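Content type compact mmCIF, C-alpha atoms, from the file start.txt:
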```
# COMPACT_ATOMS: atom_id res chain seq x y z
CA MET A 1 0.00 0.00 0.00
CA LYS A 2 1.66 3.21 -1.19
CA ILE A 3 -1.00 5.83 -0.59
CA PHE A 4 1.29 8.03 1.49
CA ASP A 5 4.08 7.87 -1.11
CA GLN A 6 1.89 10.06 -3.34
CA VAL A 7 1.07 12.71 -0.75
CA GLU A 8 2.30 16.22 -1.48
CA ALA A 9 5.11 17.35 0.78
CA ASP A 10 3.19 20.40 2.01
CA ASN A 11 0.26 18.19 3.09
CA LEU A 12 2.34 15.63 4.93
CA GLU A 13 1.94 17.34 8.30
CA HIS A 14 -1.85 17.45 7.94
CA ARG A 15 -1.92 13.80 6.90
CA GLU A 16 0.08 12.87 9.98
CA LEU A 17 -2.44 14.65 12.19
CA HIS A 18 -5.37 13.00 10.42
CA LEU A 19 -3.76 9.57 10.71
CA SER A 20 -3.03 10.10 14.40
CA ILE A 21 -6.67 10.90 15.05
CA PHE A 22 -7.82 7.95 12.94
CA VAL A 23 -5.49 5.53 14.74
CA SER A 24 -6.64 6.72 18.16
CA VAL A 25 -10.33 6.48 17.29
CA THR A 26 -9.92 3.07 15.63
CA VAL A 27 -8.02 1.56 18.56
CA THR A 28 -10.54 2.98 21.03
CA VAL A 29 -13.54 1.64 19.09
CA LEU A 30 -11.99 -1.81 18.67
CA ALA A 31 -11.01 -2.05 22.34
CA VAL A 32 -14.40 -0.88 23.63
CA GLY A 33 -16.31 -3.06 21.17
CA THR A 34 -14.26 -6.13 22.01
CA GLY A 35 -14.43 -5.66 25.76
CA VAL A 36 -18.01 -4.49 26.14
CA LEU A 37 -19.86 -6.34 23.36
CA MET A 38 -17.98 -9.40 22.16
CA TYR A 39 -16.30 -10.68 25.32
CA PRO A 40 -19.48 -11.09 27.40
CA MET A 41 -21.33 -12.71 24.51
CA VAL A 42 -18.57 -15.26 23.84
CA PHE A 43 -17.65 -16.26 27.37
CA SER A 44 -21.03 -15.90 29.10
CA HIS A 45 -23.31 -17.67 26.62
CA GLN A 46 -21.07 -20.35 25.20
CA THR A 47 -22.52 -23.84 24.74
CA PRO A 48 -20.45 -26.54 26.54
CA GLY A 49 -18.15 -28.36 24.14
CA ASP A 50 -18.49 -25.74 21.37
CA GLY A 51 -15.30 -23.66 20.97
CA THR A 52 -16.23 -22.07 17.64
CA MET A 53 -17.20 -18.71 19.14
CA ARG A 54 -14.07 -18.61 21.24
CA VAL A 55 -11.84 -19.37 18.24
CA ALA A 56 -13.60 -16.69 16.22
CA PHE A 57 -13.16 -14.24 19.07
CA PHE A 58 -9.44 -14.84 19.33
CA GLY A 59 -9.12 -14.62 15.54
CA TYR A 60 -10.92 -11.30 15.61
CA CYS A 61 -8.61 -10.06 18.36
CA ALA A 62 -5.60 -11.08 16.27
CA LEU A 63 -6.93 -9.18 13.26
CA CYS A 64 -7.53 -6.11 15.43
CA ALA A 65 -3.98 -6.31 16.73
CA LEU A 66 -2.58 -6.57 13.19
CA LEU A 67 -4.68 -3.62 12.05
CA THR A 68 -3.53 -1.54 15.01
CA PHE A 69 0.10 -2.44 14.34
CA TYR A 70 -0.26 -1.53 10.67
CA LEU A 71 -1.81 1.86 11.44
CA TRP A 72 0.88 2.75 13.95
CA ASP A 73 3.53 1.61 11.46
CA ARG A 74 2.06 4.02 8.84
CA HIS A 75 2.07 6.77 11.45
CA ARG A 76 5.72 6.11 12.30
CA THR A 77 6.60 6.07 8.58
CA ILE A 78 5.07 9.49 8.03
CA ARG A 79 6.94 10.93 10.99
CA ARG A 80 10.20 9.50 9.65
CA LEU A 81 9.47 10.96 6.20
CA ARG A 82 8.82 14.37 7.73
CA ARG A 83 12.14 14.33 9.54
CA GLN A 84 13.95 13.13 6.42
CA MET A 85 12.34 15.79 4.24
CA ALA A 86 13.22 18.51 6.74
CA GLU A 87 16.85 17.36 6.74
CA ASP A 88 16.94 17.16 2.93
CA ARG A 89 15.54 20.68 2.64
CA ARG A 90 18.14 21.95 5.09
CA GLN A 91 20.96 20.34 3.11
CA ILE A 92 19.61 21.69 -0.19
CA ALA A 93 19.31 25.18 1.26
CA GLU A 94 22.87 25.00 2.60
CA THR A 95 24.21 23.78 -0.75
CA ARG A 96 22.40 26.58 -2.58
CA ARG A 97 23.74 29.13 -0.12
CA GLU A 98 27.32 27.93 -0.56
CA ALA A 99 26.96 27.94 -4.36
CA SER A 100 25.49 31.44 -4.27
CA VAL A 101 28.29 32.72 -2.04
CA GLU A 102 30.93 31.32 -4.40
CA LEU A 103 29.17 32.78 -7.44
CA LEU A 104 28.82 36.24 -5.92
CA LYS A 105 32.42 36.26 -4.71
CA THR A 106 33.72 35.47 -8.19
CA MET A 107 31.67 38.16 -9.94
CA PRO A 108 33.48 41.42 -10.83
CA ASN A 109 32.65 44.36 -8.58
CA PHE A 110 32.27 48.11 -9.00
CA SER A 111 36.00 48.66 -9.43
CA SER A 112 35.98 46.33 -12.43
CA PHE A 113 32.94 48.19 -13.73
CA GLN A 114 34.85 51.46 -13.47
CA ASP A 115 37.69 49.98 -15.51
CA ARG A 116 35.48 48.42 -18.18
CA LEU A 117 33.10 51.31 -18.76
CA PRO A 118 35.62 53.83 -20.25
CA MET A 119 36.99 51.20 -22.62
CA GLU A 120 33.53 50.27 -23.88
CA PHE A 121 32.60 53.94 -24.19
CA ARG A 122 35.67 54.76 -26.29
CA ARG A 123 34.98 51.82 -28.55
CA VAL A 124 31.31 52.64 -29.22
CA SER A 125 31.88 56.40 -29.48
CA THR A 126 34.39 55.95 -32.29
CA THR A 127 31.98 53.73 -34.22
CA THR A 128 28.82 55.79 -33.51
CA GLN A 129 27.26 52.84 -31.76
CA LYS A 130 25.06 52.98 -28.69
CA LEU A 131 25.93 51.87 -25.18
CA SER A 132 23.42 50.85 -22.55
CA ILE A 133 23.81 49.98 -18.89
CA VAL A 134 21.08 48.13 -17.01
CA VAL A 135 21.01 48.61 -13.25
CA ILE A 136 19.17 45.82 -11.41
CA THR A 137 18.29 46.48 -7.79
CA ILE A 138 17.06 43.58 -5.66
CA LYS A 139 14.77 44.55 -2.79
CA PHE A 140 13.79 42.29 0.09
CA PRO A 141 10.62 42.73 2.15
CA ALA A 142 10.76 44.05 5.68
CA GLY A 143 11.60 41.38 8.20
CA HIS A 144 13.16 39.18 5.55
CA ALA A 145 14.39 35.76 6.64
CA SER A 146 17.94 34.75 7.49
CA PRO A 147 21.05 36.14 5.76
CA SER A 148 21.64 32.73 4.18
CA GLU A 149 18.29 32.96 2.38
CA THR A 150 19.17 36.47 1.25
CA THR A 151 22.46 35.23 -0.19
CA ALA A 152 20.71 32.34 -1.96
CA ALA A 153 18.19 34.76 -3.48
CA LEU A 154 20.97 37.07 -4.70
CA GLY A 155 22.77 34.09 -6.23
CA ASP A 156 19.60 33.03 -8.04
CA ALA A 157 19.12 36.57 -9.33
CA ALA A 158 22.73 36.70 -10.58
CA LYS A 159 22.27 33.43 -12.47
CA VAL A 160 19.10 34.71 -14.13
CA ILE A 161 20.74 37.98 -15.19
CA ALA A 162 23.73 36.17 -16.67
CA ARG A 163 21.54 33.73 -18.61
CA LYS A 164 19.38 36.46 -20.15
CA LEU A 165 22.31 38.47 -21.58
CA ARG A 166 24.50 38.00 -24.64
CA GLU A 167 28.04 36.64 -24.56
CA GLN A 168 29.55 40.07 -25.19
CA ASP A 169 27.60 41.62 -22.30
CA SER A 170 29.13 41.74 -18.83
CA VAL A 171 27.56 41.69 -15.35
CA TYR A 172 28.95 43.37 -12.24
CA ILE A 173 28.06 43.66 -8.58
CA LEU A 174 27.76 47.40 -8.08
CA ALA A 175 26.68 47.20 -4.45
CA PRO A 176 25.13 44.62 -2.14
CA ALA A 177 21.80 43.62 -3.75
CA CYS A 178 22.54 45.71 -6.84
CA PHE A 179 23.85 44.44 -10.18
CA GLY A 180 24.89 46.26 -13.31
CA ALA A 181 25.13 44.98 -16.89
CA ILE A 182 27.05 46.71 -19.68
CA LEU A 183 25.40 46.16 -23.08
CA PRO A 184 27.71 47.35 -25.89
CA GLY A 185 26.02 48.37 -29.14
CA VAL A 186 22.51 48.27 -27.63
CA ASP A 187 20.16 51.22 -28.09
CA LEU A 188 17.50 52.33 -25.63
CA THR A 189 14.65 50.40 -27.23
CA THR A 190 16.58 47.15 -27.34
CA ALA A 191 17.77 47.68 -23.77
CA GLN A 192 14.14 47.93 -22.65
CA ARG A 193 13.43 44.60 -24.29
CA VAL A 194 16.40 43.14 -22.44
CA CYS A 195 14.94 44.50 -19.20
CA ASP A 196 11.64 42.80 -19.95
CA ARG A 197 13.42 39.51 -20.56
CA VAL A 198 15.47 39.81 -17.37
CA GLY A 199 12.38 40.86 -15.42
CA GLU A 200 10.54 37.72 -16.47
CA GLY A 201 13.42 35.57 -15.28
CA LEU A 202 13.65 37.41 -11.96
CA ALA A 203 9.90 37.01 -11.42
CA ASP A 204 10.29 33.26 -11.86
CA ALA A 205 13.28 33.21 -9.50
CA ALA A 206 11.36 35.17 -6.86
CA GLY A 207 8.70 32.47 -6.86
CA ALA A 208 5.08 32.55 -5.81
CA ASN A 209 6.01 33.66 -2.28
CA HIS A 210 7.83 36.74 -3.68
CA ARG A 211 11.19 36.21 -1.98
CA PHE A 212 12.33 39.53 -3.38
CA GLN A 213 11.29 42.41 -5.60
CA TYR A 214 13.39 44.00 -8.30
CA GLU A 215 13.79 47.25 -10.16
CA LEU A 216 15.46 47.60 -13.55
CA THR A 217 16.68 50.93 -14.90
CA VAL A 218 18.41 51.67 -18.19
CA VAL A 219 21.10 54.32 -18.63
CA ASN A 220 21.93 54.88 -22.30
CA TYR A 221 24.52 56.73 -24.32
CA PRO A 222 23.73 59.10 -25.92
CA ALA A 223 20.10 59.29 -24.71
CA ASN A 224 20.86 59.78 -20.99
CA ALA A 225 24.57 60.68 -20.89
CA ALA A 226 27.16 62.26 -23.15
CA SER A 227 30.34 60.84 -21.59
CA ALA A 228 31.66 57.86 -19.69
CA HIS A 229 31.86 59.99 -16.55
CA GLU A 230 28.19 60.91 -16.80
CA LEU A 231 27.29 57.26 -17.32
CA GLN A 232 29.22 56.27 -14.22
CA GLN A 233 27.65 59.05 -12.17
CA ALA A 234 24.17 57.98 -13.24
CA VAL A 235 24.87 54.36 -12.38
CA SER A 236 26.41 55.30 -9.03
CA SER A 237 23.37 57.36 -8.19
CA LEU A 238 21.02 54.50 -9.01
CA ALA A 239 23.08 52.02 -7.01
CA LEU A 240 23.56 54.47 -4.11
CA ILE A 241 27.34 54.04 -4.30
CA GLU A 242 29.46 56.47 -2.33
CA HIS A 243 32.78 54.67 -2.80
CA PRO A 244 33.96 51.60 -4.74
CA LEU A 245 33.47 48.19 -3.18
CA ARG A 246 36.56 46.12 -2.50
CA GLY A 247 34.63 42.91 -3.14
CA MET A 248 31.45 41.06 -2.48
CA ALA A 249 32.96 38.95 0.29
CA GLU A 250 32.55 41.77 2.81
CA ALA A 251 28.81 41.92 2.14
CA LEU A 252 28.10 38.20 2.42
CA PRO A 253 27.35 36.22 5.58
CA GLN A 254 30.00 33.68 6.43
```
Full structure transcribed into structure tokens:
Amino acid sequence: MKIFDQVEADNLEHRELHLSIFVSVTVTVLAVGTGVLMYPMVFSHQTPGDGTMRVAFFGYCALCALLTFYLWDRHRTIRRLRRQMAEDRRQIAETRREASVELLKTMPNFSSFQDRLPMEFRRVSTTTQKLSIVVITIKFPAGHASPSETTAALGDAAKVIARKLREQDSVYILAPACFGAILPGVDLTTAQRVCDRVGEGLADAAGANHRFQYELTVVNYPANAASAHELQQAVSSLALIEHPLRGMAEALPQ
């Protein structure tokens, strides 16, 4: 019998409660029925020399004992599954957190962004191409859960951003919970389409429980800035950067 193998994980706790109640009621009914109804009838009105009723009574008691044992075994199985699932979830969450920490630590930071931006600007300005920068700010609700969950969410967001961009695009950590992407040769209209694509991925990563919210802003040359310095100032203002970050390691929980 594998009914409980098909139960959804979120309903396992309710099923355990229901089974506990069912087991208690069943055992009580069987015990009361056997003691109050069957026992007096079998042993008080038995015909001498006829042991059929007594044999049937003991057989019934054996069946009741087997049923009780089976129900308690199912109850113990569900409790063991709950403990195992809780441990598996903890291990998965820890693995995701460690992977997210490693990913964020290896991503280039604002200093690298400062070095890359002038080079990209000189290249596009000499070829009359456009240059767009997308600033992605991740926002967590008030009273957000543990720092490890925050790190895992930031790692998931970084993976989504990287997947939605082209090979020639580059992603940077501008500040804790703020990413920046340099899109060479991309005009304002195309950059907005990129934002829509990234936004869809971030919405999926946030999940139905809305682990985080996000805001995407495009800064474009020449639409919003006329020089690399103006681009950097605009990005710094959006990311609320007062000084360059030395690395993401300082912002991550150990």
Q | Near-Lys130 in chain A list (7 Å; only C-alpha atoms; drop same-chain fewer than 3 positions) as a PyMOL selection string | A | chain A and resi 124+184-187+221-222
Q) If you count only C-alpha atoms, which residues fall within 12 Å of Ala203 in chain A, apart from same-chain ones fewer than 5 positions away, as an MDAnalysis selection string? A) chainID A and resid 138 153 156:157 160:161 195:198 208:215
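Atom pair CA of Phe113 in chain A / CA of Ala234 in chain A has a distance of 13.2 Å (rounded to one decimal).
The environment of Lys164 in chain A within 12 Å, counting all atoms listed in the file and disregarding residues fewer than 4 places along the same chain, consists of Ala157, Ala158, Lys159, Val160, Gln168, Asp169, Ser170, Val171, Ala181, Leu183, Ala191, Arg193, Val194, Cys195, Asp196, Arg197, Val198, Gly199, Glu200, Gly201 and Leu202 of chain A.
Note that CA of Arg97 in chain A and CA of Ala152 in chain A are 4.8 Å apart.
Picture a line from CA of Glu167 in chain A to CA of Thr128 in chain A; it runs 21.2 Å.
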**Q.** Nearest residue to Leu117 in chain A from the set A:Val23, A:Leu63, A:Leu154, A:Leu231 (distances using all atoms listed in the file)
**A.** A:Leu231
